[in-house]
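Asks: Okay, here's the structure, questions in a sec.
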Amino acid sequence: MFARRVRHGVQGYSAVKCIALGSRSLSSIDNLGLEEKLSGCLSSLPPKAKVVICGGGVMGAAVAYHLARRGWGDQTVVIEQEKVGAGSRWCSSGLVGAFKPSLAQVKIAQSSIRLLKDLESRGKPTGWKQCGSLLLARTRDRMTVYRRMKSQSVSWGIECELVSPQKCQEICPMLNVEDILGGLWIPGDGVGDTHLFCLSLMREAVENGVGVMEDCAITAVHSKDGKVSGVDTTSGTVECQYFVNCAGFWARQISTCFGLCKGQLTSREDCQNYWSRFFLIRSPKISIAMGLCPYLQDGKKLSNHMVPTYSS
Ligand SMILES: Cc1cc2nc3c(=O)[nH]c(=O)nc-3n(C[C@H](O)[C@H](O)[C@H](O)COP(=O)(O)OP(=O)(O)OC[C@H]3O[C@@H](n4cnc5c(N)ncnc54)[C@H](O)[C@@H]3O)c2cc1C
């Protein structure tokens, strides 16, 4: 199926994932093993902080960045059990798409794109590449979905265009469009490098007073009178007023273990994607070979994160 869709592609790989990685790879995958690290981390924990953020992934970095911008930097501590960006950094293909199921999510995605561009314009690397997304339709039903998305895009403020099969091929010349009825082209979408993005956010947070403690795990969260009062870690205790759970894949475990919330779930996407980590990390040459392409999505048939059989 992949070979049919991408004419000169690499047989056996997910077109969607490879092409997404292809776009991203130029900045990051080439640097496998040469990861940048965060400097200016704390060597010991302060006894008190207003806010403790658990996890130095992209969510923890974003929360720290926004708190620092609002003047809470010197009252905020990020506690990371490994290194900043250690969580999903290699797994994520860093796709940043504006189309989401709800307006609230669309606004978050649009503000993320603005933030990526802003950081890049200030010389803070994020690996941002505006390669666009091309959603392909092989059926009339799928084309109807895209027509609806096009109508919706007007009120949601997303620039997009319904395109013919020929235009699809112009946008992505390696595409086989024999069975394609058309598509939806979203030029403002792109890819970022999750690790670089995370580091740039965290660097700005540190510059604005946030303390970051690496190699330190939170082992308990305490509360008093129904409010958070502090955390225990492998490097000591910190009193705090607010605790922000940004532990990503581990967030549910943190919530349930510490009795904070029973309803939070680790997303299915994360579970399904964790096992594909090997595939994504081990195939840099293949993704590089694909060059800079749009993010391709082929309706229902090629699943977003499908990992077909592959023999080396
Ligand atoms: C294969 C794959 C592909 C993906 N593709 C995309 C994509 O294209 N676009 C997109 O937007 N998203 C994508 N995602 C999702 C995205 O990567 C995640 O949503 C995002 O990285 C989550 O960030 P986070 O900061 O919440 O979690 P993480 O990056 O997992 O960070 C959590 C951090 O918490 C730390 N931690 C955990 N427990 C503790 C503790 N007790 N004490 C201290 N620290 C702790 C961990 O060490 C970790 O560093 C993808 C995910 C995967 C797996």
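All residue names refer to the structure tokens as shown: chains lettered A, B, ... in order, residues numbered from 1 in each chain, ligands numbered from 1 in order.
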If we count only C-alpha atoms and set the cut-off at 6 Å, which residues sit around segment 171-185 of chain A, ignoring sequence neighbours fewer than 6 positions away in its own chain? Please answer as an MDAnalysis selection string.
Replies: chainID A and resid 5:7 133:138 160:165
Asks: Could you give me, as a list in words, the residues within 9 Å of segment 99-116 of chain A, counting only C-alpha atoms and dropping anything in the same chain fewer than 5 positions from it?
Replies: Ser121, Pro125, Thr126, Gly127, Trp128, Met149, Ser153, Trp156, Ile158, Ile186, Gly188, Asp189, Gly190, Gly192 and Phe197 of chain A
Asks: Could you find all residues in segment 31-123 of chain A that DSSP calls strand (DSSP E or B) from the backbone, and write them as a PyMOL selection string?
Replies: chain A and resi 48+51-54+76-79+95-96
Asks: Output N, CA and C atoms of each residue in that selection to a file, as a JSON list (two decimals), in the first residue's frame.
Replies:
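The result, written out as part.json:
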[["chain", "number", "residue", "atom", "x", "y", "z"],
["A", 48, "LYS", "N", 11.42, 25.55, 49.71],
["A", 48, "LYS", "CA", 10.06, 26.05, 49.44],
["A", 48, "LYS", "C", 9.95, 26.56, 48.01],
["A", 51, "VAL", "N", 5.24, 26.98, 43.15],
["A", 51, "VAL", "CA", 4.75, 25.95, 42.22],
["A", 51, "VAL", "C", 5.81, 24.88, 42.03],
["A", 52, "VAL", "N", 5.41, 23.63, 42.12],
["A", 52, "VAL", "CA", 6.29, 22.52, 41.73],
["A", 52, "VAL", "C", 5.69, 21.87, 40.49],
["A", 53, "ILE", "N", 6.50, 21.79, 39.44],
["A", 53, "ILE", "CA", 6.06, 21.12, 38.22],
["A", 53, "ILE", "C", 6.75, 19.76, 38.17],
["A", 54, "CYS", "N", 5.96, 18.72, 38.04],
["A", 54, "CYS", "CA", 6.53, 17.36, 37.95],
["A", 54, "CYS", "C", 6.70, 17.01, 36.46],
["A", 76, "THR", "N", 9.03, 29.10, 41.00],
["A", 76, "THR", "CA", 8.65, 27.85, 40.33],
["A", 76, "THR", "C", 9.84, 26.91, 40.22],
["A", 77, "VAL", "N", 9.59, 25.63, 40.50],
["A", 77, "VAL", "CA", 10.65, 24.62, 40.37],
["A", 77, "VAL", "C", 10.12, 23.48, 39.51],
["A", 78, "VAL", "N", 10.94, 23.08, 38.52],
["A", 78, "VAL", "CA", 10.60, 21.91, 37.70],
["A", 78, "VAL", "C", 11.44, 20.74, 38.20],
["A", 79, "ILE", "N", 10.80, 19.61, 38.47],
["A", 79, "ILE", "CA", 11.54, 18.44, 38.95],
["A", 79, "ILE", "C", 11.42, 17.33, 37.90],
["A", 95, "LEU", "N", 4.57, 16.66, 14.73],
["A", 95, "LEU", "CA", 3.61, 17.27, 13.81],
["A", 95, "LEU", "C", 2.81, 18.34, 14.54],
["A", 96, "VAL", "N", 2.67, 19.48, 13.89],
["A", 96, "VAL", "CA", 1.87, 20.55, 14.49],
["A", 96, "VAL", "C", 0.81, 20.94, 13.47]]
Asks: Pick out the residues sitting within 10 Å of segment 57-66 of chain A, and hand them over as a PyMOL selection string; count only C-alpha atoms, and ignore anything fewer than 6 positions along from it in its own chain.
Replies: chain A and resi 51+72-73+76-80+83-89+112+194-212+244-248
Asks: List the spatial neighbours of Cys216 of chain A as a PDB file with C-alpha atoms, in the first residue's frame - criterion: any atom at most 9 Å away, only C-alpha atoms, same-chain residues fewer than 4 positions off excluded.
Replies:
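The result, written out as selection00.pdb:
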ATOM      1  CA  ILE A  79      11.542  18.438  38.950  1.00  0.00           C
ATOM      2  CA  GLU A  80      12.601  15.908  36.318  1.00  0.00           C
ATOM      3  CA  GLN A  81      13.501  12.323  37.111  1.00  0.00           C
ATOM      4  CA  GLU A  82      15.912  12.047  34.162  1.00  0.00           C
ATOM      5  CA  THR A 233      11.630  13.675  46.110  1.00  0.00           C
ATOM      6  CA  THR A 234      14.705  11.504  45.887  1.00  0.00           C
ATOM      7  CA  SER A 235      16.708  14.645  46.740  1.00  0.00           C
TER       8      SER A 235
END
Asks: Of the residues A:Val191, A:Ser255, A:Ser93, A:Gly230, which is the one nearest to ligand 1, using only C-alpha atoms and all ligand atoms?
Replies: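 Ranking A:Val191, A:Ser255, A:Ser93, A:Gly230 by distance to ligand 1, first place goes to A:Ser93.
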Asks: Expressed in Å to a single decimal, how great is the separation between atom 37 (C, counted along the ligand's line) of ligand 1 and atom CA of Asp215 of chain A?
Replies: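 Spanning atom 37 (C, counted along the ligand's line) of ligand 1 to atom CA of Asp215 of chain A is a straight-line distance of 10.8 Å.
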Asks: Which residue, A:Val231, A:Leu38, A:Ala251, A:Ala217, has the smallest gap to ligand 1 when you use only C-alpha atoms and all ligand atoms?
Replies: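 Closest candidate: A:Ala217.
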Asks: If I take atom CA of Tyr242 of chain A and atom 19 (O, counted along the ligand's line) of ligand 1, how far is one from the other in Å, to one decimal?
Replies: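 Those two atoms sit 22.2 Å apart.
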Asks: Of the residues A:Asp232, A:Ser39, A:Glu159, A:Glu120, which is the one nearest to Ala98 of chain A, using only C-alpha atoms?
Replies: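 Between A:Asp232, A:Ser39, A:Glu159, A:Glu120, the residue approaching Ala98 of chain A most closely is A:Glu159.
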Asks: Leaving out Ser43 of chain A and any residue of its chain fewer than 2 positions from it, which residues lie within 8 Å of it when counting only C-alpha atoms, given as a ChimeraX atom specification?
Replies: /A:41,45,213
Asks: Write out as a CSV table (one decimal) with C-alpha atoms, in the first residue's frame all residues of segment 56-118 of chain A that DSSP puts in helix (DSSP H, G or I) for this structure's backbone.
Replies:
chain,number,residue,atom,x,y,z
A,58,VAL,CA,7.4,19.7,26.6
A,59,MET,CA,4.3,20.2,28.8
A,60,GLY,CA,6.4,20.9,31.9
A,61,ALA,CA,8.6,23.3,29.9
A,62,ALA,CA,5.6,25.1,28.5
A,63,VAL,CA,4.0,25.6,31.9
A,64,ALA,CA,7.4,26.8,33.3
A,65,TYR,CA,7.8,29.2,30.4
A,66,HIS,CA,4.3,30.7,30.7
A,67,LEU,CA,4.6,31.0,34.5
A,68,ALA,CA,8.0,32.7,34.1
A,69,ARG,CA,6.5,35.2,31.6
A,73,GLY,CA,9.7,32.3,37.6
A,74,ASP,CA,11.6,32.6,40.9
A,75,GLN,CA,8.8,30.8,42.7
A,103,LEU,CA,-12.4,25.3,18.6
A,104,ALA,CA,-10.5,25.3,22.0
A,105,GLN,CA,-8.0,22.7,20.7
A,106,VAL,CA,-7.7,24.7,17.4
A,107,LYS,CA,-6.8,27.8,19.4
A,108,ILE,CA,-4.2,25.9,21.4
A,109,ALA,CA,-2.7,24.5,18.2
A,110,GLN,CA,-2.7,28.0,16.6
A,111,SER,CA,-1.0,29.5,19.6
A,112,SER,CA,1.6,26.7,19.6
A,113,ILE,CA,2.4,27.5,15.9
A,114,ARG,CA,2.7,31.2,16.8
A,115,LEU,CA,5.0,30.3,19.8
A,116,LEU,CA,7.2,28.1,17.6
A,117,LYS,CA,7.6,30.9,15.0
A,118,ASP,CA,8.2,33.5,17.7
Asks: When you count only C-alpha atoms and all ligand atoms, which of these residues is closest to ligand 1: A:Thr237, A:Ser92, A:Ser155, A:Ser44?
Replies: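 Using only C-alpha atoms and all ligand atoms, the shortest distance to ligand 1 belongs to A:Ser92.
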